[in-house]
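Chemist: The structure under discussion is supplied below as structure tokens; questions concerning it will follow.
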Number of protein chains: 2
Amino acid sequence: MDSGARRRRVTIVDVASRAEVSTTAVSKVLRNAYGVSPAMRERVRAAIDELDYRPQAAARAMRGRTFTIGVLLPHIRNPFFADILDGLQEQAGKADYQAIMIQGGENPQAEERAINALVDRQVDGILMVVPLTSRPRLEEIAKDVPTVVLGRHERSPVFDSVFDDDELGAELAVEHLIALGHRRIAHIGQKDKSRARPVDLLHTIRAETYRRVMRDHGLDGEIDVVATSYTEEGGYVGARELLGRPERPTAIFAGADLAALGAMAAAHEAGLSVPGDISIAGYDNTRMAALPNISLTTVEQDGVVMGRTSGRLLLERIEGRTSSVRFSVTPSLVVRDSTGAPPRP
Amino acid sequence: MDSGARRRRVTIVDVASRAEVSTTAVSKVLRNAYGVSPAMRERVRAAIDELDYRPQAAARAMRGRTFTIGVLLPHIRNPFFADILDGLQEQAGKADYQAIMIQGGENPQAEERAINALVDRQVDGILMVVPLTSRPRLEEIAKDVPTVVLGRHERSPVFDSVFDDDELGAELAVEHLIALGHRRIAHIGQKDKSRARPVDLLHTIRAETYRRVMRDHGLDGEIDVVATSYTEEGGYVGARELLGRPERPTAIFAGADLAALGAMAAAHEAGLSVPGDISIAGYDNTRMAALPNISLTTVEQDGVVMGRTSGRLLLERIEGRTSSVRFSVTPSLVVRDSTGAPPRP
DNA sequence: CTGAAAGCGCTAACAC
DNA sequence: GTGTTAGCGCTTTCAG
């Protein structure tokens with residue numbers, strides 16, 4: 001079968017001749033710019049509707065804006081990112097911007113290609129969600145296109161940062177476990193594949209805070225961290241390792257809900273009850289955590305607010321703001337059934 | 001702080017003058033086109049590297065391709081979509097295409113905006129993942145830009161279809177439950193918000209097949225379908241309703257894993273053991289389903305293969321194929337611990 | 001094999 | 001308030 005000839009797209013010239021005005025006038029109406037009489041605006045609007053005209057982003061890009069915000073995501077498997085995107089779209093939509101996403105992937109090379117793809121497509125702004133690349137590289141990009149970095153704590157003069165107070169969050173989780181009476185508390189973290197300074201990374205902060213709180217309580221000797229990844233698989237593998245220790249932990253603080261779910265799976269497989277034999281806490285408060293048969297104690301960080309704020313900051317930068325902003329979201333602890341007192345020895 | 005002046009981007013003219021050739025020559029090298037001597041090609045390559053040049057997609061779009069494939073997703077919360085995207089990117093990457101995603105959302109109006117956004121950005125091809133819009137509208141778009149529709153069963157002369165054999169999948173699940181001895185088997189489906197013909201929709205097919213298999217086994221009187229949505233929430237709400245029946249079902253076939261997880265949560269909350277009191281089966285075989293403490297019996301459909309095939313078909317269409325293809329993936333049943341014999345009365 | 005030149009659809013100066 | 005015009009950075013005839 002033949003797909004038929006592709007029709008020529010309606011252009012600004014078509015609209016202009018239909019409305020019997022200049023293309024300039026049409027362009028002005030499109031952009032809500034000054035210098036069009038109400039009558040003319042009306043005529044142009046009508047022509048646009050009649051012809052079902054929509055401007056081509058590519059042509060606009062050659063001169064002005066694309067009305068596009070690019071979102072770099074490591075991947076789309078983590079449901080936490082869905083909240084961020086919802087928040088962003090809410091803001092972008094209001095200003096007639098479209099959000100497009102691209103997957104950065106596991107390694108800095110793949111991410112670099114993804115970032116370049118966004119830059120080459122002339123997006124008006126970029127939201128980088130937990131990017132792997134180095135800060136100098138981020139700044140290089142931010143000099144060319146408005147940039148907000150989400151999930152890294154660095155302070156930069158050229159891009160904005162939106163992040164969770166990961167130190168507080170980790171503290172809440174570990175203090176909670178200690179308050180329950182646990183001493184042998186382990187942590188499942190994420191192996192570093194990034195070019196960022198470790199101190200700016202959320203998973204490093206969560207792990208370091210875990211260490212610090214343990215020390216604060218005189219539990220230096222109990223510190224035990226396995227670094228896998230913030231995924232079901234990572235949590236499973238990490239927990240298996242921890243459960244194989246001569247003296248296994250009575251509690252695990254996983255750096256992310258997905259990892260906590262994997263850890264629960266490993267505990268279950270080992271015939272251990274949660275929280276009877278072992279307590280497990282996560283981070284993110286994804287929807288899964290709330291399911292009654294999972295009922296995971298976790299740290300809530302408001303992804304929608306983070307996304308919304310990122311969107312707002314991006315739009316501000318697009319409108320010309322050049323000063324730099326850091327926005328931090330305050331997490332809270334959601335206690336559920338996966339944590340309890342340690343087993344009696 | 002000031003973000004500094006934005007540097008002028010390196011253009012094809014810069015490369016041409018650096019290599020001391022015409023822009024035509026550079027363009028040809030970029031596109032691997034015929035009519036460039038090896039020596040010239042080498043000089044151009046060198047200049048491109050030295051200047052770190054990358055063509056701007058917008059400028060290319062005005063005349064030729066954007067080397068972009070647009071992916072319309074209902075949302076990014078369902079982990080099954082991640083597999084599809086992985087498969088697609090694998091194919092696209094090989095051909096130097098980039099995949100960008102956009103969220104269609106819950107209603108046809110929002111989806112229409114998202115589709116238009118892709119079209120306006122001149123993507124070279126579109127993968128529509130379970131779109132809500134009508135078939136005529138899909139065909140209208142497909143006439144302008146190469147299109148593959150994933151997850152709908154219709155046969156169209158202008159776009160390709162990639163889907164799972166949902167009839168077989170649902171049959172496997174329901175037959176499995178019947179073979180275990182269940183008679184009172186309920187189904188959790190998805191309420192229709194789409195403009196497609198119901199018969200082409202995966203959730204309708206799964207529900208209808210459930211009905212058909214029940215009838216085939218003389219279980220007409222036991223047919224019980226609640227239509228909510230393929231989400232944790234939908235599964236939870238649906239199962240709550242089912243569990244409230246005077247005679248509650250002994251098994252639930254949920255149309256998607258997420259819904260099955262919600263159903264498990266509802267069962268747990270009601271103090272029912274799975275599968276002791278009630279068996280639960282899902283569809284998709286997401287990673288969650290494999291976790292030992294979930295261990296969900298489910299239907300496996302290979303998302304990576306579906307994504308990969310979609311990518312291949314899209315590239316073929318971009319290269320000029322106009323005949324239409326339908327590709328069906330064969331599902332299989334993965335039996336785990338969430339299903340078992342019905343409780344003794 | 002090579003390059004000059006036209007033009008894609010839009011925006012922004014700049015006249016009027 | 002309105003229209004004319006010159007590009008933006010590429011690709012693509014079409015001569016040479």
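Each chain in the structure tokens gets a letter, A, B, ..., in the order shown, and its residues are numbered from 1; ligands are numbered from 1 in order too.
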Please report, as a tab-separated table, each residue of chain B lying at most 7 Å from chain A, together with the nearest pair of atoms and the separation in Å rounded to one decimal; use only C-alpha atoms, and order rows by chain and ascending residue number.
Modeler:
residue	atom	partner	partner_atom	distance
B:Met1	CA	A:Ser323	CA	4.9
B:Asp2	CA	A:Thr322	CA	5.3
B:Ser3	CA	A:Val158	CA	5.1
B:Gly4	CA	A:Lys143	CA	6.7
B:Arg6	CA	A:Asp144	CA	5.2
B:Arg7	CA	A:Asp144	CA	6.9
B:Pro55	CA	A:Asp120	CA	7.0
B:Gln56	CA	A:Asp120	CA	4.9
B:Ala57	CA	A:Arg121	CA	5.1
B:Ala58	CA	A:Ala58	CA	4.4
B:Ala59	CA	A:Met62	CA	6.7
B:Ala61	CA	A:Ala58	CA	6.1
B:Met62	CA	A:Ala58	CA	6.5
B:Ile76	CA	A:Ala82	CA	5.8
B:Arg77	CA	A:Pro79	CA	5.4
B:Pro79	CA	A:Arg77	CA	5.4
B:Ala82	CA	A:Arg77	CA	5.7
B:Ala99	CA	A:Ile102	CA	6.8
B:Ile100	CA	A:Ile102	CA	5.1
B:Met101	CA	A:Met101	CA	4.9
B:Ile102	CA	A:Ile100	CA	5.1
B:Asp120	CA	A:Gln56	CA	4.9
B:Arg121	CA	A:Ala57	CA	5.1
B:Lys143	CA	A:Arg6	CA	5.9
B:Asp144	CA	A:Arg6	CA	5.2
B:Pro157	CA	A:Met1	CA	6.0
B:Val158	CA	A:Ser3	CA	5.2
B:Gly262	CA	A:Leu291	CA	6.9
B:Ala265	CA	A:Pro292	CA	5.1
B:His268	CA	A:Asn293	CA	5.8
B:Glu269	CA	A:Pro292	CA	6.1
B:Leu291	CA	A:Ala265	CA	5.5
B:Pro292	CA	A:Ala265	CA	5.1
B:Asn293	CA	A:Ala265	CA	5.1
B:Thr322	CA	A:Asp2	CA	5.3
B:Ser323	CA	A:Met1	CA	4.8
B:Ser324	CA	A:Met1	CA	6.7
Chemist: Write the residues you've just listed into a file as a short mmCIF file (atom, residue, chain, number, x, y, z; two decimals), in the first residue's frame, and include N, CA, C and O atoms for each of them.
Modeler:
data_model
loop_
_atom_site.label_atom_id
_atom_site.label_comp_id
_atom_site.auth_asym_id
_atom_site.auth_seq_id
_atom_site.Cartn_x
_atom_site.Cartn_y
_atom_site.Cartn_z
N MET B 1 25.30 37.04 40.14
CA MET B 1 26.40 36.71 39.23
C MET B 1 25.91 36.71 37.78
O MET B 1 24.79 36.34 37.50
N ASP B 2 26.77 37.04 36.91
CA ASP B 2 26.39 37.06 35.50
C ASP B 2 26.80 35.75 34.83
O ASP B 2 27.81 35.15 35.16
N SER B 3 25.96 35.32 33.90
CA SER B 3 26.25 34.03 33.27
C SER B 3 27.23 34.18 32.12
O SER B 3 27.63 33.21 31.50
N GLY B 4 27.57 35.40 31.79
CA GLY B 4 28.55 35.62 30.73
C GLY B 4 27.89 35.58 29.37
O GLY B 4 26.78 35.12 29.20
N ARG B 6 26.94 34.40 25.73
CA ARG B 6 26.86 33.10 25.10
C ARG B 6 27.71 33.10 23.84
O ARG B 6 27.60 33.98 23.00
N ARG B 7 28.52 32.08 23.76
CA ARG B 7 29.41 32.02 22.60
C ARG B 7 28.64 31.66 21.34
O ARG B 7 27.68 30.91 21.39
N PRO B 55 26.25 19.60 13.89
CA PRO B 55 25.22 20.34 13.16
C PRO B 55 24.02 20.66 14.05
O PRO B 55 23.69 19.90 14.95
N GLN B 56 23.38 21.76 13.78
CA GLN B 56 22.18 22.11 14.52
C GLN B 56 20.97 21.43 13.90
O GLN B 56 20.73 21.55 12.70
N ALA B 57 20.24 20.78 14.76
CA ALA B 57 19.09 20.01 14.27
C ALA B 57 18.07 20.92 13.60
O ALA B 57 17.46 20.54 12.60
N ALA B 58 17.89 22.10 14.13
CA ALA B 58 16.86 23.00 13.59
C ALA B 58 17.16 23.37 12.14
O ALA B 58 16.28 23.37 11.28
N ALA B 59 18.41 23.68 11.88
CA ALA B 59 18.78 24.07 10.53
C ALA B 59 18.62 22.89 9.57
O ALA B 59 18.17 23.05 8.44
N ALA B 61 16.56 20.53 9.96
CA ALA B 61 15.13 20.26 9.84
C ALA B 61 14.50 21.08 8.72
O ALA B 61 13.55 20.65 8.08
N MET B 62 15.06 22.27 8.48
CA MET B 62 14.48 23.15 7.47
C MET B 62 14.58 22.53 6.07
O MET B 62 13.79 22.84 5.20
N ILE B 76 5.38 8.10 32.40
CA ILE B 76 6.60 7.30 32.56
C ILE B 76 6.58 6.48 33.84
O ILE B 76 7.59 6.00 34.30
N ARG B 77 5.39 6.31 34.40
CA ARG B 77 5.34 5.63 35.70
C ARG B 77 5.33 4.11 35.56
O ARG B 77 5.73 3.41 36.46
N PRO B 79 6.78 0.81 34.63
CA PRO B 79 8.14 0.37 34.31
C PRO B 79 8.21 -0.43 33.02
O PRO B 79 9.29 -0.59 32.46
N ALA B 82 9.84 1.32 30.17
CA ALA B 82 11.29 1.44 30.18
C ALA B 82 11.94 0.39 29.28
O ALA B 82 12.90 0.67 28.57
N ALA B 99 16.33 9.32 20.36
CA ALA B 99 14.94 9.18 20.77
C ALA B 99 14.61 10.23 21.81
O ALA B 99 15.32 10.38 22.80
N ILE B 100 13.56 11.00 21.56
CA ILE B 100 13.07 11.91 22.60
C ILE B 100 11.66 11.49 22.98
O ILE B 100 10.90 11.01 22.14
N MET B 101 11.37 11.63 24.25
CA MET B 101 10.06 11.19 24.75
C MET B 101 9.21 12.38 25.13
O MET B 101 9.72 13.43 25.50
N ILE B 102 7.92 12.15 25.06
CA ILE B 102 7.00 13.18 25.52
C ILE B 102 5.83 12.47 26.20
O ILE B 102 5.46 11.37 25.80
N ASP B 120 5.45 19.25 15.24
CA ASP B 120 5.98 20.61 15.04
C ASP B 120 7.50 20.63 15.15
O ASP B 120 8.16 21.51 14.60
N ARG B 121 8.05 19.69 15.90
CA ARG B 121 9.51 19.63 16.04
C ARG B 121 10.13 18.77 14.96
O ARG B 121 11.29 18.39 15.02
N LYS B 143 0.35 10.00 7.60
CA LYS B 143 0.54 10.46 6.22
C LYS B 143 1.67 11.48 6.14
O LYS B 143 2.32 11.62 5.11
N ASP B 144 1.86 12.21 7.23
CA ASP B 144 2.90 13.24 7.23
C ASP B 144 4.23 12.75 7.77
O ASP B 144 5.28 13.19 7.32
N PRO B 157 -3.28 0.87 6.58
CA PRO B 157 -2.38 0.92 5.42
C PRO B 157 -1.26 1.95 5.56
O PRO B 157 -0.30 1.91 4.80
N VAL B 158 -1.38 2.86 6.51
CA VAL B 158 -0.39 3.94 6.56
C VAL B 158 0.56 3.91 7.76
O VAL B 158 1.56 4.60 7.76
N GLY B 262 -1.40 -3.64 43.45
CA GLY B 262 -2.44 -2.95 44.22
C GLY B 262 -3.45 -3.95 44.78
O GLY B 262 -3.91 -3.82 45.91
N ALA B 265 -2.07 -5.69 47.70
CA ALA B 265 -2.12 -4.80 48.86
C ALA B 265 -3.50 -4.84 49.50
O ALA B 265 -3.64 -4.94 50.72
N HIS B 268 -3.99 -8.14 51.29
CA HIS B 268 -3.22 -8.13 52.53
C HIS B 268 -3.95 -7.32 53.60
O HIS B 268 -4.08 -7.75 54.75
N GLU B 269 -4.44 -6.19 53.18
CA GLU B 269 -5.13 -5.31 54.10
C GLU B 269 -6.39 -5.97 54.66
O GLU B 269 -6.78 -5.74 55.81
N LEU B 291 10.43 -10.15 42.35
CA LEU B 291 10.95 -10.08 43.72
C LEU B 291 10.33 -11.19 44.56
O LEU B 291 9.12 -11.39 44.54
N PRO B 292 11.18 -11.93 45.30
CA PRO B 292 10.69 -13.10 46.04
C PRO B 292 9.53 -12.80 46.98
O PRO B 292 8.67 -13.64 47.17
N ASN B 293 9.48 -11.62 47.54
CA ASN B 293 8.38 -11.36 48.47
C ASN B 293 7.12 -10.87 47.75
O ASN B 293 6.11 -10.64 48.38
N THR B 322 6.76 2.03 2.23
CA THR B 322 5.41 2.58 2.36
C THR B 322 4.39 1.47 2.61
O THR B 322 3.26 1.75 3.00
N SER B 323 4.80 0.22 2.38
CA SER B 323 3.88 -0.86 2.71
C SER B 323 3.78 -0.97 4.22
O SER B 323 4.68 -0.54 4.94
N SER B 324 2.71 -1.56 4.67
CA SER B 324 2.45 -1.54 6.10
C SER B 324 2.69 -2.90 6.76
O SER B 324 2.44 -3.95 6.17
#
Chemist: Please check the contacts: residues of chain A at most 8 Å away from chain D, using only C-alpha atoms (C1' of nucleotides), listed as a ChimeraX atom specification.
Modeler: /A:22,24-25,35-37,62-63
Chemist: Just to be explicit: take each residue in the selection above, keep C-alpha atoms, and write the result as a short mmCIF file (atom, residue, chain, number, x, y, z; two decimals), in the first residue's frame.
Modeler:
data_model
loop_
_atom_site.label_atom_id
_atom_site.label_comp_id
_atom_site.auth_asym_id
_atom_site.auth_seq_id
_atom_site.Cartn_x
_atom_site.Cartn_y
_atom_site.Cartn_z
CA SER A 22 2.07 40.70 6.46
CA THR A 24 5.30 40.14 10.50
CA ALA A 25 1.82 40.73 11.78
CA GLY A 35 2.27 46.55 17.82
CA VAL A 36 -0.83 44.86 16.45
CA SER A 37 -4.26 46.41 16.43
CA MET A 62 16.62 29.53 13.64
CA ARG A 63 15.70 32.95 14.95
#
Chemist: Residues of chain C were defined as contacting chain A if any atom lay at most 8 Å from it, counting only C-alpha atoms (C1' of nucleotides); please report them as a CSV table (one decimal) with N, CA, C and O atoms (P, O5', C5', C4', C3', O3' and C1' of nucleotides), in the first residue's frame.
Modeler:
chain,number,residue,atom,x,y,z
C,9,DG,P,8.4,26.0,3.9
C,9,DG,O5',8.4,26.8,5.3
C,9,DG,C5',8.5,26.0,6.5
C,9,DG,C4',8.7,27.0,7.6
C,9,DG,C3',7.6,28.1,7.8
C,9,DG,O3',7.3,28.1,9.1
C,9,DG,C1',9.8,29.1,7.7
C,10,DC,P,6.1,29.1,9.7
C,10,DC,O5',7.0,30.1,10.5
C,10,DC,C5',7.7,29.7,11.7
C,10,DC,C4',8.8,30.6,11.9
C,10,DC,C3',8.5,32.0,12.4
C,10,DC,O3',8.6,32.0,13.9
C,10,DC,C1',10.3,32.0,10.8
C,11,DT,P,8.1,33.2,14.7
C,11,DT,O5',9.4,34.2,14.6
C,11,DT,C5',10.6,33.8,15.3
C,11,DT,C4',11.6,34.9,15.2
C,11,DT,C3',11.3,36.2,15.8
C,11,DT,O3',12.4,36.6,16.5
C,11,DT,C1',11.8,36.6,13.6
Chemist: Measuring atom to atom with only C-alpha atoms, identify which of A:Val237, A:Ala281, A:Val325, A:Val129 is nearest to Ala260 (chain A).
Modeler: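 For Ala260 (chain A), the nearest of the given residues is A:Ala281.
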Chemist: Using only C-alpha atoms, find the one residue out of A:Arg336, A:His217, A:His182, A:Arg326 that sits nearest to Ala289 (chain A).
Modeler: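 So, comparing all the options, the nearest one is A:Arg336.
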Chemist: Tell me, in Å to one decimal, how far CA of Asp257 (chain A) is from CA of Tyr230 (chain A).
Modeler: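 Taking CA of Asp257 (chain A) as the start and CA of Tyr230 (chain A) as the end point, the length is 7.8 Å.
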Chemist: Fewer than 4 positions away in the same chain doesn't count, so skip those; otherwise give me all residues within 12 Å of Ala179 (chain A), counting only C-alpha atoms (C1' of nucleotides), as a list of chain:residue names.
Modeler: A:Glu171, A:Leu172, A:Ala173, A:Val174, A:Glu175, A:Arg183, A:Ile185, A:Val213, A:Met214, A:His217, A:Ala251, A:Thr339, A:Gly340, A:Ala341, A:Pro342
Chemist: Write out the residues from the selection above, keeping N, CA and C atoms, as a compact mmCIF listing (two decimals), in the first residue's frame.
Modeler:
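As written to disk, result.txt reads:
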# COMPACT_ATOMS: atom_id res chain seq x y z
N GLU A 171 19.60 11.40 58.11
CA GLU A 171 19.64 11.51 59.56
C GLU A 171 18.33 11.01 60.17
N LEU A 172 17.22 11.44 59.60
CA LEU A 172 15.92 11.00 60.09
C LEU A 172 15.81 9.48 60.09
N ALA A 173 16.25 8.90 59.00
CA ALA A 173 16.13 7.44 58.86
C ALA A 173 17.01 6.71 59.88
N VAL A 174 18.26 7.13 59.96
CA VAL A 174 19.20 6.42 60.84
C VAL A 174 18.85 6.66 62.31
N GLU A 175 18.50 7.88 62.63
CA GLU A 175 18.11 8.18 64.02
C GLU A 175 16.89 7.35 64.41
N ARG A 183 21.55 -1.32 66.74
CA ARG A 183 22.95 -0.91 66.79
C ARG A 183 23.66 -1.37 65.52
N ILE A 185 23.43 -1.51 62.25
CA ILE A 185 22.64 -0.95 61.14
C ILE A 185 23.55 -0.83 59.92
N VAL A 213 26.12 9.80 61.68
CA VAL A 213 25.14 9.56 62.75
C VAL A 213 25.54 8.34 63.57
N MET A 214 26.03 7.33 62.88
CA MET A 214 26.48 6.13 63.61
C MET A 214 27.59 6.51 64.59
N HIS A 217 26.64 8.31 67.69
CA HIS A 217 26.04 7.47 68.73
C HIS A 217 27.01 6.40 69.23
N ALA A 251 19.24 -4.09 61.06
CA ALA A 251 18.50 -3.08 60.29
C ALA A 251 19.31 -2.67 59.05
N THR A 339 9.87 -1.25 59.79
CA THR A 339 10.87 -1.04 60.83
C THR A 339 10.23 -1.25 62.20
N GLY A 340 11.01 -1.83 63.07
CA GLY A 340 10.53 -2.08 64.42
C GLY A 340 11.73 -2.34 65.34
N ALA A 341 11.45 -2.76 66.53
CA ALA A 341 12.54 -3.03 67.47
C ALA A 341 13.37 -4.21 66.96
N PRO A 342 14.64 -4.22 67.29
CA PRO A 342 15.50 -5.34 66.88
C PRO A 342 15.07 -6.61 67.60
Chemist: List every residue of region 99-345 of chain A that DSSP, applied to the backbone, labels as helix (DSSP H, G or I), and write the result as a PyMOL selection string.
Modeler: chain A and resi 108-120+135-144+166-179+198-200+202-216+220-222+232-243+257-269+287-290+303-318
Chemist: Taking the chain letters and numbering used in this document, name the residues of region 102-326 of chain A that DSSP puts in strand (DSSP E), as number ranges by chain.
Modeler: A: 102-103, 125-129, 147-150, 160-164, 185-190, 224-228, 251-254, 279-284, 297-300, 326
Chemist: For Leu127 (chain A), work out the shell of residues within 8 Å, counting only C-alpha atoms (C1' of nucleotides) and skipping chain neighbours fewer than 5 positions away, then give it as a PyMOL selection string.
Modeler: chain A and resi 69-72+147-150+310+314
Chemist: Just write the chosen residues, all heavy atoms, as a short mmCIF file (atom, residue, chain, number, x, y, z; two decimals), in the first residue's frame.
Modeler:
data_model
loop_
_atom_site.label_atom_id
_atom_site.label_comp_id
_atom_site.auth_asym_id
_atom_site.auth_seq_id
_atom_site.Cartn_x
_atom_site.Cartn_y
_atom_site.Cartn_z
N ILE A 69 11.49 22.64 26.64
CA ILE A 69 12.40 22.40 27.76
C ILE A 69 12.85 20.95 27.66
O ILE A 69 12.03 20.04 27.51
CB ILE A 69 11.70 22.66 29.10
CG1 ILE A 69 11.56 24.18 29.29
CG2 ILE A 69 12.48 22.05 30.25
CD1 ILE A 69 10.80 24.57 30.53
N GLY A 70 14.13 20.76 27.69
CA GLY A 70 14.68 19.40 27.62
C GLY A 70 14.93 18.86 29.01
O GLY A 70 15.43 19.57 29.87
N VAL A 71 14.56 17.63 29.23
CA VAL A 71 14.79 16.98 30.53
C VAL A 71 15.71 15.80 30.33
O VAL A 71 15.40 14.87 29.57
CB VAL A 71 13.47 16.49 31.15
CG1 VAL A 71 13.73 15.91 32.53
CG2 VAL A 71 12.46 17.62 31.23
N LEU A 72 16.83 15.85 30.97
CA LEU A 72 17.75 14.72 30.93
C LEU A 72 17.49 13.84 32.14
O LEU A 72 17.64 14.27 33.28
CB LEU A 72 19.20 15.23 30.98
CG LEU A 72 20.25 14.12 31.07
CD1 LEU A 72 20.49 13.52 29.69
CD2 LEU A 72 21.54 14.64 31.67
N THR A 147 20.06 26.41 32.53
CA THR A 147 20.18 25.05 33.08
C THR A 147 19.80 25.01 34.55
O THR A 147 20.17 25.89 35.33
CB THR A 147 21.63 24.57 32.93
OG1 THR A 147 21.98 24.55 31.54
CG2 THR A 147 21.80 23.16 33.50
N VAL A 148 19.05 23.99 34.91
CA VAL A 148 18.79 23.69 36.31
C VAL A 148 19.26 22.26 36.56
O VAL A 148 18.96 21.36 35.77
CB VAL A 148 17.29 23.82 36.65
CG1 VAL A 148 17.00 23.29 38.05
CG2 VAL A 148 16.83 25.27 36.54
N VAL A 149 20.00 22.07 37.63
CA VAL A 149 20.48 20.73 37.97
C VAL A 149 19.70 20.24 39.19
O VAL A 149 19.64 20.92 40.21
CB VAL A 149 21.99 20.75 38.27
CG1 VAL A 149 22.45 19.38 38.77
CG2 VAL A 149 22.76 21.16 37.03
N LEU A 150 19.10 19.07 39.05
CA LEU A 150 18.31 18.52 40.15
C LEU A 150 19.01 17.32 40.76
O LEU A 150 19.46 16.42 40.06
CB LEU A 150 16.92 18.12 39.61
CG LEU A 150 15.86 17.75 40.64
CD1 LEU A 150 14.47 18.09 40.11
CD2 LEU A 150 15.91 16.29 41.03
N SER A 310 11.88 23.46 39.67
CA SER A 310 12.83 23.42 38.56
C SER A 310 12.23 24.13 37.34
O SER A 310 12.90 24.90 36.66
CB SER A 310 13.15 21.98 38.18
OG SER A 310 13.67 21.29 39.29
N LEU A 314 13.67 27.51 35.62
CA LEU A 314 14.06 27.45 34.21
C LEU A 314 13.39 28.58 33.42
O LEU A 314 14.03 29.29 32.65
CB LEU A 314 13.65 26.08 33.66
CG LEU A 314 14.62 25.20 32.90
CD1 LEU A 314 16.06 25.51 33.15
CD2 LEU A 314 14.32 23.74 33.22
#
